[in-house]
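Beneath this line is the structure, given in structure tokens, with notes to follow.
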Amino acid sequence: MSLAIESQGTTVTWNNTPVAEVVSFSGPGGVAGTYDVTHLLSTRREKRASLADEGDFSLECNYIPSDPGQQALLADRATRTVREVVVTYSDG
């Protein structure tokens, strides 16, 4: 039995505004780096995780100039404004 979910019905919102006609998306592909915490009493190299970098998130849409969600994306991109993106999968 597959654990895959249907993607039909998945929505993307940008700053609480739905983005129309999203075709696909990818990301985030986050990773956390490490830093060395080895000291004079260490018996081996010691490392700790650094802050996570959530990476990039991209989406592909059918361009609709009048869509408020797409207008918000373009306006925020032009002003380099950081906002919240929420992907709601069809299974909730």
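Chain identifiers are assigned as A, B, and so on, following the order in which chains appear in the structure tokens; residues are numbered from 1 within each chain, and ligands are numbered from 1 in order of appearance.
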
Excluding Ala4 in chain A and residues on its chain fewer than 6 positions from it, collect all residues at most 12 Å away from it, counting only C-alpha atoms, and give them as a compact mmCIF listing (two decimals) with all heavy atoms, in the first residue's frame.
```txt
# COMPACT_ATOMS: atom_id res chain seq x y z
N TYR A 89 -1.35 20.64 2.25
CA TYR A 89 -1.54 19.45 1.41
C TYR A 89 -3.01 19.02 1.43
O TYR A 89 -3.75 19.32 2.38
CB TYR A 89 -0.64 18.32 1.89
CG TYR A 89 0.82 18.62 1.68
CD1 TYR A 89 1.58 19.17 2.71
CD2 TYR A 89 1.43 18.40 0.46
CE1 TYR A 89 2.92 19.47 2.53
CE2 TYR A 89 2.77 18.70 0.27
CZ TYR A 89 3.50 19.22 1.30
OH TYR A 89 4.83 19.52 1.10
N SER A 90 -3.41 18.33 0.40
CA SER A 90 -4.80 17.96 0.24
C SER A 90 -5.32 17.06 1.36
O SER A 90 -6.52 17.02 1.60
CB SER A 90 -5.01 17.25 -1.10
OG SER A 90 -4.20 16.10 -1.18
N ASP A 91 -4.42 16.42 2.09
CA ASP A 91 -4.87 15.56 3.20
C ASP A 91 -4.86 16.33 4.53
O ASP A 91 -5.03 15.74 5.59
CB ASP A 91 -4.02 14.30 3.30
CG ASP A 91 -2.60 14.57 3.75
OD1 ASP A 91 -2.16 15.75 3.71
OD2 ASP A 91 -1.92 13.62 4.15
```

Skip Ile64 in chain A itself and residues of its chain fewer than 4 positions away, then list as a PyMOL selection string all residues within 10 Å of it, counting only C-alpha atoms.
-> chain A and resi 19-21+68-71

Which of chain A counts as strand (DSSP E or B) under DSSP, as a PyMOL selection string please?
-> chain A and resi 11-14+17-18+22-26+31-36+47-53+58-61+85-88

Here CA of Val82 in chain A and CA of Leu51 in chain A stand apart by 18.5 Å

Could you tell me, as a PDB file with C-alpha atoms, in the first residue's frame, which residues of chain A DSSP assigns to alpha helix (DSSP H) when given the backbone?
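As written to disk, part-v7.pdb reads:
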```pdb
ATOM      1  CA  PRO A  68      -3.895  39.002  -5.504  1.00  0.00           C
ATOM      2  CA  GLY A  69      -1.579  36.181  -4.385  1.00  0.00           C
ATOM      3  CA  GLN A  70       0.650  36.489  -7.430  1.00  0.00           C
ATOM      4  CA  GLN A  71       0.586  40.297  -7.150  1.00  0.00           C
ATOM      5  CA  ALA A  72       1.717  39.990  -3.516  1.00  0.00           C
ATOM      6  CA  LEU A  73       4.547  37.641  -4.470  1.00  0.00           C
ATOM      7  CA  LEU A  74       5.819  39.996  -7.165  1.00  0.00           C
ATOM      8  CA  ALA A  75       5.508  43.102  -4.967  1.00  0.00           C
ATOM      9  CA  ASP A  76       7.345  41.444  -2.075  1.00  0.00           C
ATOM     10  CA  ARG A  77      10.044  40.175  -4.413  1.00  0.00           C
ATOM     11  CA  ALA A  78      10.588  43.705  -5.741  1.00  0.00           C
ATOM     12  CA  THR A  79      10.911  45.129  -2.219  1.00  0.00           C
TER      13      THR A  79
END
```

Point-to-point distance in Å for CA of Thr88 in chain A and CA of Gly55 in chain A |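 For CA of Gly55 in chain A relative to CA of Thr88 in chain A, the distance reads 19.0 Å.
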
State, in Å with one decimal place, the distance from CA of Gly30 in chain A to CA of Pro18 in chain A.
->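 Result for CA of Gly30 in chain A versus CA of Pro18 in chain A: 23.8 Å, one decimal.
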
Any idea what's packed within 12 Å of range 46-48 of chain A, counting only C-alpha atoms, ignoring anything in its chain fewer than 6 positions away? Could you give it as a PyMOL selection string?
-> chain A and resi 32-40

Check the smallest atom-to-atom distance from each of A:Ser50, A:Asn16, A:Ser24, A:Ser2 to Val86 in chain A using only C-alpha atoms, then report the winner.
->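 Distance minimum relative to Val86 in chain A lands on A:Asn16.
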